[in-house]
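The file target06.tsv contains TSV, C-alpha atoms:
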chain	number	residue	atom	x	y	z
A	1	MET	CA	98.30	60.28	127.26
A	2	SER	CA	100.81	57.51	126.88
A	3	ILE	CA	104.46	57.83	127.86
A	4	SER	CA	105.43	57.97	124.16
A	5	ASP	CA	103.17	61.03	123.66
A	6	ARG	CA	104.94	63.01	126.37
A	7	ASP	CA	107.50	65.67	125.53
A	8	ALA	CA	110.07	67.65	127.53
A	9	VAL	CA	107.47	70.26	128.43
A	10	ASP	CA	105.32	67.60	130.10
A	11	GLN	CA	108.16	66.88	132.51
A	12	ILE	CA	108.46	70.58	133.34
A	13	LEU	CA	104.71	70.82	133.95
A	14	THR	CA	104.80	67.75	136.18
A	15	GLN	CA	107.63	69.23	138.24
A	16	TRP	CA	105.87	72.57	138.66
A	17	SER	CA	102.58	70.90	139.54
A	18	ARG	CA	104.37	68.89	142.20
A	19	GLU	CA	106.27	71.88	143.59
A	20	ARG	CA	103.51	74.47	143.26
A	21	PRO	CA	100.15	72.66	143.26
A	22	ASP	CA	98.51	76.01	144.05
A	23	LEU	CA	99.32	77.34	140.55
A	24	ASP	CA	97.58	76.48	137.27
A	25	VAL	CA	100.69	76.00	135.14
A	26	SER	CA	98.81	74.84	132.03
A	27	PRO	CA	99.68	78.02	130.05
A	28	MET	CA	103.34	77.03	130.46
A	29	GLY	CA	102.61	74.01	128.30
A	30	LEU	CA	101.28	75.97	125.35
A	31	ILE	CA	103.80	78.79	125.57
A	32	GLY	CA	106.70	76.46	126.32
A	33	ARG	CA	105.87	74.31	123.33
A	34	LEU	CA	105.55	77.35	121.07
A	35	GLY	CA	108.94	78.57	122.26
A	36	ARG	CA	110.63	75.21	121.79
A	37	LEU	CA	109.07	74.80	118.34
A	38	ARG	CA	110.24	78.29	117.40
A	39	ALA	CA	113.81	77.36	118.37
A	40	HIS	CA	113.71	74.12	116.34
A	41	ILE	CA	112.16	75.87	113.34
A	42	SER	CA	114.62	78.77	113.53
A	43	ARG	CA	117.58	76.37	113.47
A	44	ALA	CA	116.13	74.60	110.43
A	45	HIS	CA	115.53	77.94	108.67
A	46	GLU	CA	119.03	79.22	109.42
A	47	ALA	CA	120.55	76.05	107.96
A	48	VAL	CA	118.74	76.68	104.66
A	49	PHE	CA	119.61	80.38	104.61
A	50	GLN	CA	123.27	79.62	105.38
A	51	ARG	CA	123.49	77.37	102.31
A	52	HIS	CA	122.63	80.48	100.28
A	53	GLY	CA	125.09	82.75	102.10
A	54	LEU	CA	122.27	84.45	104.01
A	55	ASN	CA	120.93	84.62	107.54
A	56	SER	CA	117.36	85.18	108.70
A	57	ALA	CA	117.81	88.97	108.74
A	58	SER	CA	119.19	89.21	105.20
A	59	PHE	CA	116.64	86.68	103.94
A	60	ASP	CA	113.84	88.74	105.48
A	61	LEU	CA	114.93	91.95	103.77
A	62	LEU	CA	115.51	90.30	100.39
A	63	ALA	CA	112.20	88.42	100.64
A	64	THR	CA	110.36	91.64	101.47
A	65	LEU	CA	111.77	93.27	98.34
A	66	ARG	CA	111.02	90.17	96.24
A	67	ARG	CA	107.40	89.82	97.30
A	68	SER	CA	106.78	93.53	96.66
A	69	GLY	CA	106.74	92.63	92.96
A	70	PRO	CA	108.48	94.27	90.04
A	71	PRO	CA	110.51	96.44	90.04
A	72	PHE	CA	111.47	94.91	93.46
A	73	ARG	CA	112.25	98.21	95.17
A	74	LEU	CA	110.96	99.91	98.28
A	75	SER	CA	111.90	102.91	100.35
A	76	PRO	CA	113.62	102.23	103.66
A	77	SER	CA	110.46	103.41	105.46
A	78	GLU	CA	108.33	100.93	103.47
A	79	LEU	CA	110.78	98.17	104.46
A	80	LEU	CA	110.55	99.25	108.10
A	81	GLU	CA	106.74	98.97	108.01
A	82	THR	CA	106.93	95.23	107.31
A	83	MET	CA	109.95	94.34	109.42
A	84	MET	CA	110.07	94.59	113.20
A	85	ILE	CA	113.44	96.36	113.47
A	86	THR	CA	114.86	99.83	114.14
A	87	SER	CA	115.97	102.21	111.40
A	88	GLY	CA	119.60	101.78	112.50
A	89	THR	CA	119.33	98.02	112.13
A	90	MET	CA	117.70	98.50	108.71
A	91	THR	CA	120.56	100.71	107.54
A	92	ASN	CA	123.10	98.13	108.67
A	93	ARG	CA	121.28	95.31	106.87
A	94	ILE	CA	121.04	97.33	103.67
A	95	ASP	CA	124.75	98.21	103.92
A	96	GLN	CA	125.72	94.54	104.28
A	97	LEU	CA	123.52	93.39	101.39
A	98	GLU	CA	124.79	96.24	99.23
A	99	LYS	CA	128.40	95.14	99.91
A	100	GLN	CA	127.42	91.64	98.74
A	101	GLY	CA	125.92	93.08	95.55
A	102	LEU	CA	122.43	91.83	96.41
A	103	VAL	CA	120.74	95.24	96.71
A	104	GLU	CA	121.46	98.74	95.51
A	105	ARG	CA	120.36	102.18	96.62
A	106	LEU	CA	118.71	104.21	93.89
A	107	PRO	CA	117.52	107.80	93.84
A	108	HIS	CA	113.79	108.13	94.42
A	109	PRO	CA	112.21	109.40	91.18
A	110	GLU	CA	109.72	111.63	93.01
A	111	ASP	CA	111.83	112.88	95.94
A	112	ARG	CA	115.44	113.96	95.41
A	113	ARG	CA	116.10	113.65	99.16
A	114	ALA	CA	114.96	110.01	99.32
A	115	LEU	CA	116.37	106.69	98.19
A	116	LEU	CA	114.91	103.37	97.16
A	117	VAL	CA	116.39	99.99	97.98
A	118	ALA	CA	116.24	97.61	95.01
A	119	LEU	CA	117.19	94.02	94.37
A	120	THR	CA	120.04	93.61	91.91
A	121	GLU	CA	119.95	90.78	89.38
A	122	LYS	CA	122.27	88.87	91.70
A	123	GLY	CA	119.92	89.58	94.64
A	124	LEU	CA	116.87	88.45	92.70
A	125	ALA	CA	118.58	85.18	91.76
A	126	ALA	CA	119.76	84.67	95.34
A	127	ILE	CA	116.37	85.22	96.95
A	128	ASP	CA	114.55	83.11	94.36
A	129	ALA	CA	116.88	80.17	95.02
A	130	ALA	CA	116.73	80.66	98.79
A	131	VAL	CA	112.95	80.98	98.96
A	132	THR	CA	112.52	77.84	96.84
A	133	ASP	CA	114.61	75.86	99.33
A	134	HIS	CA	112.94	77.64	102.27
A	135	VAL	CA	109.44	76.62	101.16
A	136	ALA	CA	110.58	73.02	100.59
A	137	ASN	CA	112.06	73.03	104.09
A	138	GLN	CA	108.82	74.38	105.55
A	139	HIS	CA	106.87	71.56	103.89
A	140	ARG	CA	109.33	69.11	105.43
A	141	LEU	CA	108.94	70.70	108.88
A	142	ILE	CA	105.15	70.26	108.92
A	143	GLU	CA	104.94	66.88	107.21
A	144	THR	CA	104.08	65.09	110.46
A	145	LEU	CA	100.77	66.98	110.62
A	146	THR	CA	97.73	65.93	108.60
A	147	ALA	CA	96.09	68.48	106.31
A	148	GLU	CA	93.24	68.79	108.82
A	149	ASP	CA	95.66	69.32	111.71
A	150	ARG	CA	97.52	71.98	109.73
A	151	THR	CA	94.29	73.85	109.02
A	152	ALA	CA	93.15	73.62	112.64
A	153	LEU	CA	96.53	74.68	114.03
A	154	ASP	CA	96.79	77.55	111.55
A	155	GLY	CA	93.36	78.82	112.62
A	156	LEU	CA	94.19	78.59	116.31
A	157	LEU	CA	97.53	80.31	115.89
A	158	ARG	CA	95.91	83.06	113.78
A	159	GLN	CA	93.35	83.62	116.54
A	160	PHE	CA	96.09	83.74	119.19
A	161	LEU	CA	98.30	86.07	117.13
A	162	THR	CA	95.53	88.55	116.33
A	163	ALA	CA	95.14	89.14	120.08
A	164	PHE	CA	98.63	90.69	119.92
A	165	GLU	CA	98.53	92.22	116.44
A	166	LYS	CA	95.08	93.74	116.11
A	167	PRO	CA	94.85	96.01	113.06

Just give me the structure as structure tokens.
Amino acid sequence: MSISDRDAVDQILTQWSRERPDLDVSPMGLIGRLGRLRAHISRAHEAVFQRHGLNSASFDLLATLRRSGPPFRLSPSELLETMMITSGTMTNRIDQLEKQGLVERLPHPEDRRALLVALTEKGLAAIDAAVTDHVANQHRLIETLTAEDRTALDGLLRQFLTAFEKP
């Protein structure tokens, strides 16, 4: 590996190897790089969401409703199944998006005690514009990788992730 191929994590690994030669610190490289990439990617995502008056949390909820297909409505429990948050957090997010006119609570047609969360026309327009920019941004973020590298990395990450999220 040439000096120009080294990254900040390499320096950390070198320091640990020097200070603790008894430890195999190689997993730090993989996990450290994943963490640093996540931070860079999150900042890039937030910048796009912010241009649309959203943040990652509001984008996630709106995108979940949008990809559910017409009529773009789900129960709070269905939203919770796809999002890794508590019910209290979900209620707060719905409240905020409702105040912005992006979602509305509707009575459930089959259960008078239940509600559905639905995209409004304004919400549908907002998420469609945001997701268009989000996908363009994602293409930009991975443009340094070849198609073959993308496929290989995607397969490796899928394998790694399924160890944590087995069905």

Please produce, as a Markdown table, a per-residue contact table for region 25-75 of chain A versus region 143-165 of chain A (criterion: any atom at most 12 Å away, all atoms listed in the file considered), showing the nearest atom pair and its distance in Å to one decimal, sorted by chain then residue number.
| residue | atom | partner | partner_atom | distance |
| --- | --- | --- | --- | --- |
| A:Leu30 | CA | A:Leu157 | CA | 11.1 |
| A:Ile31 | CA | A:Phe160 | CA | 11.2 |
| A:Leu34 | CA | A:Leu157 | CA | 10.0 |

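Around region 53-66 of chain A, within 8 Å and counting all atoms listed in the file, the residues found are A:His45, A:Glu46, A:Phe49, A:Gln50, A:Gly69, A:Pro70, A:Phe72, A:Arg73, A:Leu74, A:Leu79, A:Thr82, A:Met83, A:Arg93, A:Leu97, A:Ala118, A:Leu119, A:Gly123, A:Leu124, A:Ile127, A:Ala130, A:Val131, once anything fewer than 3 positions away on its own chain is removed.
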
For this session: Would you please work out which residue, of A:Ile41, A:Lys99, A:Gln15, A:His52, is nearest to Ile142 (chain A) when using only C-alpha atoms?
Result: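 Smallest distance to Ile142 (chain A) is found for A:Ile41.
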
For this session: Would you mind listing what lies within 10 Å of Asp10 (chain A) as an MDAnalysis selection string, with only C-alpha atoms counted and same-chain residues fewer than 6 positions away left out?
Result: chainID A and resid 16 26 28:29 32:33

Problem set entry | Pick from A:Val9, A:Ser87, A:Pro27, A:Arg38 nearest to Leu141 (chain A), counting all atoms listed in the file |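 Selected residue with least distance to Leu141 (chain A): A:Arg38.
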